[in-house]
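Asker: My file is start_36.txt. It has compact mmCIF, N, CA and C atoms:
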# COMPACT_ATOMS: atom_id res chain seq x y z
N MET Q 749 72.31 81.78 131.52
CA MET Q 749 73.40 82.36 130.78
C MET Q 749 74.00 81.34 129.81
N LYS Q 750 74.06 80.08 130.25
CA LYS Q 750 74.63 79.05 129.40
C LYS Q 750 73.81 78.88 128.13
N LYS Q 751 72.50 78.95 128.25
CA LYS Q 751 71.63 78.81 127.08
C LYS Q 751 71.83 79.96 126.11
N LEU Q 752 72.01 81.16 126.64
CA LEU Q 752 72.21 82.33 125.80
C LEU Q 752 73.51 82.21 125.00
N ILE Q 753 74.57 81.87 125.68
CA ILE Q 753 75.86 81.75 125.01
C ILE Q 753 75.84 80.59 124.02
N PHE Q 754 75.18 79.50 124.39
CA PHE Q 754 75.07 78.37 123.46
C PHE Q 754 74.29 78.77 122.21
N LYS Q 755 73.25 79.58 122.38
CA LYS Q 755 72.47 80.06 121.24
C LYS Q 755 73.34 80.87 120.28
N TYR Q 756 74.16 81.75 120.82
CA TYR Q 756 75.05 82.55 119.97
C TYR Q 756 76.13 81.67 119.33
N TRP Q 757 76.60 80.69 120.07
CA TRP Q 757 77.62 79.79 119.53
C TRP Q 757 77.06 78.97 118.37
N ILE Q 758 75.88 78.38 118.54
CA ILE Q 758 75.31 77.55 117.48
C ILE Q 758 74.99 78.40 116.25
N THR Q 759 74.54 79.63 116.46
CA THR Q 759 74.30 80.54 115.34
C THR Q 759 75.60 80.81 114.60
N ASN Q 760 76.67 81.02 115.34
CA ASN Q 760 77.96 81.29 114.71
C ASN Q 760 78.47 80.08 113.96
N VAL Q 761 78.28 78.90 114.48
CA VAL Q 761 78.71 77.68 113.79
C VAL Q 761 77.93 77.52 112.48
N LEU Q 762 76.63 77.77 112.52
CA LEU Q 762 75.82 77.67 111.30
C LEU Q 762 76.26 78.70 110.27
N ILE Q 763 76.55 79.92 110.71
CA ILE Q 763 77.05 80.95 109.80
C ILE Q 763 78.39 80.53 109.22
N SER Q 764 79.24 79.93 110.02
CA SER Q 764 80.54 79.46 109.55
C SER Q 764 80.38 78.40 108.47
N ILE Q 765 79.46 77.49 108.67
CA ILE Q 765 79.24 76.43 107.69
C ILE Q 765 78.68 77.01 106.39
N ILE Q 766 77.77 77.96 106.50
CA ILE Q 766 77.22 78.61 105.31
C ILE Q 766 78.32 79.35 104.55
N LEU Q 767 79.17 80.08 105.26
CA LEU Q 767 80.28 80.78 104.61
C LEU Q 767 81.24 79.80 103.95
N PHE Q 768 81.49 78.66 104.59
CA PHE Q 768 82.35 77.63 104.01
C PHE Q 768 81.74 77.11 102.71
N ILE Q 769 80.45 76.85 102.71
CA ILE Q 769 79.79 76.37 101.50
C ILE Q 769 79.86 77.42 100.40
N LEU Q 770 79.61 78.68 100.75
CA LEU Q 770 79.73 79.75 99.76
C LEU Q 770 81.15 79.86 99.21
N TYR Q 771 82.13 79.70 100.09
CA TYR Q 771 83.53 79.74 99.69
C TYR Q 771 83.80 78.64 98.65
N ARG Q 772 83.30 77.43 98.94
CA ARG Q 772 83.49 76.31 98.01
C ARG Q 772 82.78 76.55 96.69
N VAL Q 773 81.60 77.17 96.73
CA VAL Q 773 80.86 77.48 95.50
C VAL Q 773 81.65 78.48 94.65
N VAL Q 774 82.21 79.48 95.29
CA VAL Q 774 83.01 80.46 94.56
C VAL Q 774 84.23 79.78 93.92
N ILE Q 775 84.85 78.86 94.65
CA ILE Q 775 85.99 78.13 94.09
C ILE Q 775 85.55 77.31 92.88
N SER Q 776 84.40 76.67 92.98
CA SER Q 776 83.94 75.82 91.87
C SER Q 776 83.53 76.63 90.65
N GLU Q 777 83.22 77.90 90.84
CA GLU Q 777 82.82 78.76 89.72
C GLU Q 777 84.02 79.40 89.01
N MET Q 778 85.21 79.16 89.50
CA MET Q 778 86.40 79.74 88.87
C MET Q 778 86.53 79.21 87.45
N GLN Q 779 86.89 80.09 86.54
CA GLN Q 779 87.05 79.73 85.13
C GLN Q 779 88.52 79.72 84.76
N SER Q 780 88.85 78.83 83.88
CA SER Q 780 90.23 78.72 83.42
C SER Q 780 90.39 79.49 82.11
N ASP Q 781 91.41 80.32 82.06
CA ASP Q 781 91.75 81.02 80.84
C ASP Q 781 92.94 80.34 80.17
N SER Q 782 93.02 79.05 80.40
CA SER Q 782 94.20 78.33 79.94
C SER Q 782 94.13 78.02 78.46
N GLU Q 783 95.28 78.16 77.85
CA GLU Q 783 95.40 77.83 76.43
C GLU Q 783 96.36 76.69 76.22
N GLY Q 784 97.19 76.46 77.20
CA GLY Q 784 98.18 75.41 77.06
C GLY Q 784 98.18 74.47 78.25
N PHE Q 785 99.04 73.48 78.17
CA PHE Q 785 99.13 72.48 79.22
C PHE Q 785 99.61 73.10 80.54
N LEU Q 786 100.60 73.97 80.47
CA LEU Q 786 101.14 74.59 81.67
C LEU Q 786 100.10 75.48 82.36
N ASP Q 787 99.33 76.22 81.57
CA ASP Q 787 98.28 77.06 82.15
C ASP Q 787 97.21 76.21 82.84
N THR Q 788 96.85 75.10 82.24
CA THR Q 788 95.87 74.20 82.83
C THR Q 788 96.40 73.61 84.13
N LEU Q 789 97.66 73.24 84.13
CA LEU Q 789 98.29 72.68 85.33
C LEU Q 789 98.33 73.71 86.45
N LEU Q 790 98.65 74.95 86.14
CA LEU Q 790 98.69 76.01 87.14
C LEU Q 790 97.28 76.31 87.67
N PHE Q 791 96.28 76.23 86.81
CA PHE Q 791 94.90 76.45 87.24
C PHE Q 791 94.46 75.35 88.21
N ILE Q 792 94.80 74.12 87.92
CA ILE Q 792 94.47 73.01 88.81
C ILE Q 792 95.18 73.19 90.15
N LEU Q 793 96.42 73.62 90.12
CA LEU Q 793 97.17 73.87 91.36
C LEU Q 793 96.53 74.99 92.17
N GLU Q 794 96.06 76.02 91.49
CA GLU Q 794 95.40 77.13 92.18
C GLU Q 794 94.11 76.66 92.85
N ILE Q 795 93.36 75.80 92.19
CA ILE Q 795 92.12 75.27 92.78
C ILE Q 795 92.45 74.40 93.99
N LEU Q 796 93.48 73.59 93.91
CA LEU Q 796 93.87 72.76 95.06
C LEU Q 796 94.29 73.61 96.25
N ILE Q 797 95.02 74.67 95.99
CA ILE Q 797 95.43 75.57 97.07
C ILE Q 797 94.20 76.27 97.66
N SER Q 798 93.26 76.67 96.80
CA SER Q 798 92.03 77.29 97.28
C SER Q 798 91.23 76.34 98.14
N LEU Q 799 91.17 75.07 97.76
CA LEU Q 799 90.46 74.08 98.57
C LEU Q 799 91.14 73.91 99.93
N GLY Q 800 92.46 73.94 99.94
CA GLY Q 800 93.19 73.87 101.21
C GLY Q 800 92.89 75.07 102.08
N PHE Q 801 92.86 76.26 101.48
CA PHE Q 801 92.53 77.46 102.23
C PHE Q 801 91.10 77.40 102.75
N SER Q 802 90.18 76.81 101.98
CA SER Q 802 88.81 76.72 102.44
C SER Q 802 88.71 75.81 103.66
N LEU Q 803 89.50 74.76 103.69
CA LEU Q 803 89.51 73.88 104.86
C LEU Q 803 90.11 74.59 106.07
N VAL Q 804 91.18 75.33 105.86
CA VAL Q 804 91.77 76.13 106.95
C VAL Q 804 90.76 77.17 107.42
N PHE Q 805 90.04 77.76 106.50
CA PHE Q 805 89.01 78.76 106.81
C PHE Q 805 87.95 78.15 107.73
N LEU Q 806 87.44 76.97 107.37
CA LEU Q 806 86.42 76.32 108.18
C LEU Q 806 86.94 75.96 109.57
N CYS Q 807 88.12 75.38 109.63
CA CYS Q 807 88.70 75.01 110.93
C CYS Q 807 88.91 76.26 111.80
N GLY Q 808 89.40 77.33 111.19
CA GLY Q 808 89.59 78.57 111.93
C GLY Q 808 88.29 79.13 112.47
N LEU Q 809 87.25 79.11 111.65
CA LEU Q 809 85.96 79.64 112.10
C LEU Q 809 85.38 78.81 113.24
N LEU Q 810 85.55 77.51 113.17
CA LEU Q 810 85.04 76.66 114.24
C LEU Q 810 85.80 76.88 115.54
N VAL Q 811 87.11 77.06 115.45
CA VAL Q 811 87.91 77.35 116.66
C VAL Q 811 87.54 78.72 117.22
N PHE Q 812 87.37 79.71 116.34
CA PHE Q 812 87.01 81.04 116.81
C PHE Q 812 85.64 81.05 117.47
N SER Q 813 84.73 80.22 117.01
CA SER Q 813 83.41 80.19 117.64
C SER Q 813 83.48 79.59 119.04
N LEU Q 814 84.46 78.75 119.31
CA LEU Q 814 84.61 78.18 120.65
C LEU Q 814 84.99 79.23 121.69
N THR Q 815 85.60 80.32 121.24
CA THR Q 815 85.99 81.37 122.20
C THR Q 815 84.77 82.07 122.80
N PHE Q 816 83.60 81.89 122.20
CA PHE Q 816 82.37 82.47 122.77
C PHE Q 816 82.13 81.94 124.18
N PHE Q 817 82.53 80.70 124.42
CA PHE Q 817 82.27 80.09 125.71
C PHE Q 817 83.10 80.73 126.83
N LEU Q 818 84.09 81.51 126.50
CA LEU Q 818 84.82 82.24 127.53
C LEU Q 818 83.91 83.25 128.23
N ASN Q 819 82.82 83.61 127.56
CA ASN Q 819 81.86 84.53 128.18
C ASN Q 819 81.08 83.90 129.32
N LEU Q 820 81.25 82.61 129.55
CA LEU Q 820 80.65 81.98 130.72
C LEU Q 820 81.32 82.45 132.00
N ILE Q 821 82.54 82.94 131.87
CA ILE Q 821 83.26 83.49 133.02
C ILE Q 821 82.72 84.90 133.27
N LYS Q 822 82.23 85.13 134.46
CA LYS Q 822 81.56 86.39 134.79
C LYS Q 822 82.47 87.60 134.57
N LYS Q 823 83.73 87.48 134.92
CA LYS Q 823 84.67 88.60 134.78
C LYS Q 823 84.82 89.01 133.31
N ILE Q 824 84.85 88.03 132.41
CA ILE Q 824 84.96 88.33 130.98
C ILE Q 824 83.64 88.87 130.46
N ARG Q 825 82.54 88.25 130.84
CA ARG Q 825 81.22 88.65 130.36
C ARG Q 825 80.88 90.08 130.77
N ASP Q 826 81.26 90.48 131.98
CA ASP Q 826 80.93 91.81 132.47
C ASP Q 826 81.84 92.90 131.92
N ASN Q 827 82.98 92.53 131.42
CA ASN Q 827 83.92 93.49 130.83
C ASN Q 827 83.69 93.54 129.32
N ARG Q 828 83.27 94.68 128.83
CA ARG Q 828 82.94 94.83 127.40
C ARG Q 828 84.14 94.54 126.51
N PHE Q 829 85.32 94.99 126.89
CA PHE Q 829 86.52 94.78 126.07
C PHE Q 829 86.90 93.31 126.00
N LEU Q 830 86.90 92.62 127.14
CA LEU Q 830 87.25 91.20 127.13
C LEU Q 830 86.22 90.38 126.36
N SER Q 831 84.97 90.76 126.48
CA SER Q 831 83.92 90.08 125.73
C SER Q 831 84.10 90.32 124.23
N LEU Q 832 84.48 91.54 123.87
CA LEU Q 832 84.78 91.85 122.47
C LEU Q 832 85.92 91.00 121.94
N LEU Q 833 86.93 90.79 122.77
CA LEU Q 833 88.06 89.95 122.35
C LEU Q 833 87.61 88.52 122.07
N THR Q 834 86.68 88.01 122.86
CA THR Q 834 86.23 86.63 122.65
C THR Q 834 85.42 86.50 121.37
N PHE Q 835 84.73 87.56 120.98
CA PHE Q 835 83.92 87.50 119.76
C PHE Q 835 84.76 87.81 118.51
N ILE Q 836 85.40 88.97 118.47
CA ILE Q 836 86.08 89.37 117.23
C ILE Q 836 87.55 89.69 117.39
N GLY Q 837 88.02 89.89 118.60
CA GLY Q 837 89.42 90.27 118.78
C GLY Q 837 90.40 89.20 118.33
N ILE Q 838 90.18 87.99 118.77
CA ILE Q 838 91.07 86.89 118.41
C ILE Q 838 91.02 86.60 116.91
N PRO Q 839 89.83 86.55 116.27
CA PRO Q 839 89.82 86.36 114.81
C PRO Q 839 90.50 87.49 114.04
N VAL Q 840 90.35 88.73 114.51
CA VAL Q 840 91.01 89.85 113.83
C VAL Q 840 92.52 89.72 113.91
N ILE Q 841 93.03 89.37 115.07
CA ILE Q 841 94.47 89.20 115.23
C ILE Q 841 94.98 88.09 114.32
N CYS Q 842 94.25 86.97 114.25
CA CYS Q 842 94.66 85.86 113.38
C CYS Q 842 94.58 86.25 111.91
N LEU Q 843 93.56 87.02 111.53
CA LEU Q 843 93.43 87.45 110.14
C LEU Q 843 94.57 88.38 109.75
N ILE Q 844 94.91 89.30 110.61
CA ILE Q 844 96.03 90.21 110.31
C ILE Q 844 97.33 89.42 110.19
N TYR Q 845 97.54 88.47 111.08
CA TYR Q 845 98.73 87.62 111.01
C TYR Q 845 98.75 86.83 109.70
N ALA Q 846 97.60 86.26 109.33
CA ALA Q 846 97.53 85.47 108.09
C ALA Q 846 97.78 86.35 106.87
N MET Q 847 97.25 87.56 106.88
CA MET Q 847 97.46 88.46 105.74
C MET Q 847 98.93 88.81 105.59
N ILE Q 848 99.60 89.08 106.69
CA ILE Q 848 101.02 89.42 106.63
C ILE Q 848 101.85 88.21 106.25
N TYR Q 849 101.58 87.09 106.88
CA TYR Q 849 102.35 85.87 106.65
C TYR Q 849 102.16 85.32 105.24
N LEU Q 850 100.92 85.36 104.75
CA LEU Q 850 100.63 84.78 103.45
C LEU Q 850 100.88 85.72 102.28
N SER Q 851 100.94 87.01 102.53
CA SER Q 851 101.11 87.94 101.41
C SER Q 851 102.51 87.88 100.82
N PHE Q 852 103.50 87.45 101.59
CA PHE Q 852 104.86 87.40 101.05
C PHE Q 852 105.05 86.28 100.03
N PRO Q 853 104.71 85.01 100.36
CA PRO Q 853 104.96 83.97 99.36
C PRO Q 853 103.95 83.97 98.21
N LEU Q 854 102.72 84.44 98.44
CA LEU Q 854 101.71 84.37 97.40
C LEU Q 854 101.62 85.61 96.53
N GLN Q 855 102.25 86.68 96.92
CA GLN Q 855 102.26 87.93 96.16
C GLN Q 855 100.85 88.46 95.88
N VAL Q 856 99.98 88.39 96.85
CA VAL Q 856 98.60 88.90 96.82
C VAL Q 856 97.91 88.54 95.51
N ASN Q 857 97.40 87.35 95.46
CA ASN Q 857 96.67 86.92 94.27
C ASN Q 857 95.22 86.61 94.63
N THR Q 858 94.50 86.00 93.72
CA THR Q 858 93.07 85.76 93.93
C THR Q 858 92.79 84.85 95.11
N ILE Q 859 93.69 83.93 95.41
CA ILE Q 859 93.49 83.01 96.53
C ILE Q 859 93.44 83.80 97.84
N LEU Q 860 94.43 84.66 98.05
CA LEU Q 860 94.49 85.45 99.28
C LEU Q 860 93.35 86.46 99.34
N ILE Q 861 93.01 87.07 98.22
CA ILE Q 861 91.91 88.04 98.20
C ILE Q 861 90.60 87.37 98.57
N MET Q 862 90.35 86.17 98.04
CA MET Q 862 89.12 85.45 98.35
C MET Q 862 89.10 85.06 99.83
N PHE Q 863 90.23 84.57 100.36
CA PHE Q 863 90.33 84.17 101.76
C PHE Q 863 90.05 85.36 102.68
N VAL Q 864 90.66 86.49 102.40
CA VAL Q 864 90.49 87.68 103.23
C VAL Q 864 89.06 88.22 103.10
N SER Q 865 88.49 88.17 101.90
CA SER Q 865 87.13 88.66 101.70
C SER Q 865 86.13 87.88 102.55
N PHE Q 866 86.21 86.57 102.51
CA PHE Q 866 85.30 85.75 103.31
C PHE Q 866 85.57 85.93 104.80
N SER Q 867 86.80 86.14 105.18
CA SER Q 867 87.12 86.37 106.58
C SER Q 867 86.52 87.69 107.06
N ILE Q 868 86.57 88.70 106.23
CA ILE Q 868 85.99 89.99 106.60
C ILE Q 868 84.47 89.90 106.71
N ILE Q 869 83.84 89.14 105.81
CA ILE Q 869 82.39 88.91 105.93
C ILE Q 869 82.07 88.25 107.26
N TYR Q 870 82.88 87.25 107.64
CA TYR Q 870 82.67 86.58 108.93
C TYR Q 870 82.83 87.56 110.08
N LEU Q 871 83.82 88.43 110.02
CA LEU Q 871 84.05 89.39 111.10
C LEU Q 871 82.90 90.39 111.21
N ILE Q 872 82.35 90.80 110.09
CA ILE Q 872 81.21 91.72 110.12
C ILE Q 872 80.00 91.06 110.77
N ILE Q 873 79.73 89.82 110.39
CA ILE Q 873 78.60 89.10 110.98
C ILE Q 873 78.83 88.87 112.47
N THR Q 874 80.05 88.54 112.85
CA THR Q 874 80.35 88.31 114.26
C THR Q 874 80.27 89.61 115.06
N THR Q 875 80.60 90.73 114.45
CA THR Q 875 80.46 92.02 115.13
C THR Q 875 78.99 92.30 115.42
N VAL Q 876 78.13 92.01 114.46
CA VAL Q 876 76.69 92.19 114.69
C VAL Q 876 76.23 91.26 115.82
N GLN Q 877 76.73 90.02 115.82
CA GLN Q 877 76.39 89.10 116.91
C GLN Q 877 76.85 89.65 118.26
N PHE Q 878 78.05 90.23 118.29
CA PHE Q 878 78.57 90.79 119.54
C PHE Q 878 77.67 91.91 120.05
N LEU Q 879 77.26 92.79 119.14
CA LEU Q 879 76.40 93.90 119.55
C LEU Q 879 75.06 93.38 120.08
N MET Q 880 74.51 92.36 119.45
CA MET Q 880 73.27 91.76 119.93
C MET Q 880 73.49 91.10 121.30
N PHE Q 881 74.63 90.44 121.47
CA PHE Q 881 74.96 89.79 122.73
C PHE Q 881 75.07 90.82 123.85
N ARG Q 882 75.75 91.93 123.60
CA ARG Q 882 75.90 92.96 124.63
C ARG Q 882 74.55 93.57 125.00
N LYS Q 883 73.69 93.74 124.01
CA LYS Q 883 72.36 94.28 124.28
C LYS Q 883 71.58 93.31 125.18
N THR Q 884 71.69 92.03 124.90
CA THR Q 884 71.02 91.01 125.71
C THR Q 884 71.61 90.96 127.12
N ILE Q 885 72.92 91.05 127.23
CA ILE Q 885 73.58 91.03 128.53
C ILE Q 885 73.15 92.24 129.36
N LYS Q 886 73.02 93.38 128.70
CA LYS Q 886 72.59 94.58 129.41
C LYS Q 886 71.21 94.38 130.02
N LYS Q 887 70.32 93.67 129.30
CA LYS Q 887 68.99 93.39 129.83
C LYS Q 887 69.08 92.49 131.06
N TYR Q 888 69.99 91.49 131.01
CA TYR Q 888 70.18 90.59 132.16
C TYR Q 888 70.70 91.36 133.37
N ILE Q 889 71.62 92.29 133.15
CA ILE Q 889 72.20 93.04 134.26
C ILE Q 889 71.16 93.98 134.88
N ASN Q 890 70.32 94.59 134.05
CA ASN Q 890 69.31 95.53 134.54
C ASN Q 890 68.17 94.84 135.28
N GLU Q 891 67.98 93.55 135.06
CA GLU Q 891 66.87 92.84 135.73
C GLU Q 891 67.19 92.50 137.15
What do you get writing this file as structure tokens?

Answerer:
Amino acid sequence: MKKLIFKYWITNVLISIILFILYRVVISEMQSDSEGFLDTLLFILEILISLGFSLVFLCGLLVFSLTFFLNLIKKIRDNRFLSLLTFIGIPVICLIYAMIYLSFPLQVNTILIMFVSFSIIYLIITTVQFLMFRKTIKKYINE
């Protein structure tokens, strides 16, 4: 069981790193429509904030992937709902909190939209991982 959970964890970490790299590439492809000094300064500030969000994104994904190891506990692994919480429940709760908390000061701009978009991609991939994990667990239980 430890090998199985470790396999899913390492896959999730690799996916997290790939998403982080894609996030950084998207940030680097941002274009400035600046015509003046103030516009250029605001664009640089937006890129710095985006880089900060990308670091928070990576740290969050790595912490969320650690929750997979809670499935080593038989009670959690055998309960579909608790297992779902370890895979996607905790990240969804944190994403909803971040959307509510961050939408007030930032007034829903490109930084928040990009952050939420990449988070949703991560949640979709993790949901697929959860379904594969449950299918594998079902095989272990039936044997």

Asker: Find the distance between CA of Ile766 (chain Q) and atom C of Leu818 (chain Q) and write it in Å to one decimal.

Answerer: 24.3 Å

Asker: Looking at Q:Thr834, Q:Ser802, Q:Gln877, Q:Asn890, which one is nearest to Leu767 (chain Q), with distances taken over only C-alpha atoms?

Answerer: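 When distances to Leu767 (chain Q) are compared using only C-alpha atoms, the smallest one comes from Q:Ser802.
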
Asker: How many Å separate CA of Leu809 (chain Q) from CA of Met862 (chain Q)?

Answerer: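 Pair CA of Leu809 (chain Q) / CA of Met862 (chain Q) returns 15.3 Å.
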
Asker: In Å to one decimal, how far is CA of Lys823 (chain Q) from CA of Lys883 (chain Q)?

Answerer: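 Result for CA of Lys883 (chain Q) versus CA of Lys823 (chain Q): 17.1 Å, one decimal.
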
Asker: Considering all atoms listed in the file, can you say which of Q:Leu830, Q:Val761, Q:Val774, Q:Leu793 comes closest to Leu810 (chain Q)?

Answerer: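 Of Q:Leu830, Q:Val761, Q:Val774, Q:Leu793, the one nearest Leu810 (chain Q) is Q:Val761, counting all atoms listed in the file.
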
Asker: For Leu803 (chain Q), which residue out of Q:Phe768, Q:Val773, Q:Thr875, Q:Val864 is the nearest one, using all atoms listed in the file?

Answerer: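 The shortest atom-to-atom distance to Leu803 (chain Q) comes from Q:Phe768.
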
Asker: Of the candidates Q:Ile885, Q:Leu806, Q:Leu843, Q:Leu833, which one gets nearest to Ile765 (chain Q) if we count all atoms listed in the file?

Answerer: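 Nearest to Ile765 (chain Q): Q:Leu806.
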
Asker: Of the candidates Q:Val840, Q:Met749, Q:Ile797, Q:Leu786, which shows the shortest atom-to-atom distance to Thr858 (chain Q), using only C-alpha atoms?

Answerer: Q:Ile797

Asker: Nearest to Ile753 (chain Q) among Q:Leu799, Q:Ile838, Q:Leu820, Q:Ile792, with distances taken over all atoms listed in the file: which residue is it?

Answerer: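 Distance minimum relative to Ile753 (chain Q) lands on Q:Leu820.
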
Asker: Please provide as a PyMOL selection string all residues within 9 Å of Ile859 (chain Q), with the sequence filter that same-chain residues fewer than 3 positions apart are discarded (counting only C-alpha atoms).

Answerer: chain Q and resi 794-795+797-798+801+854+856+862-864
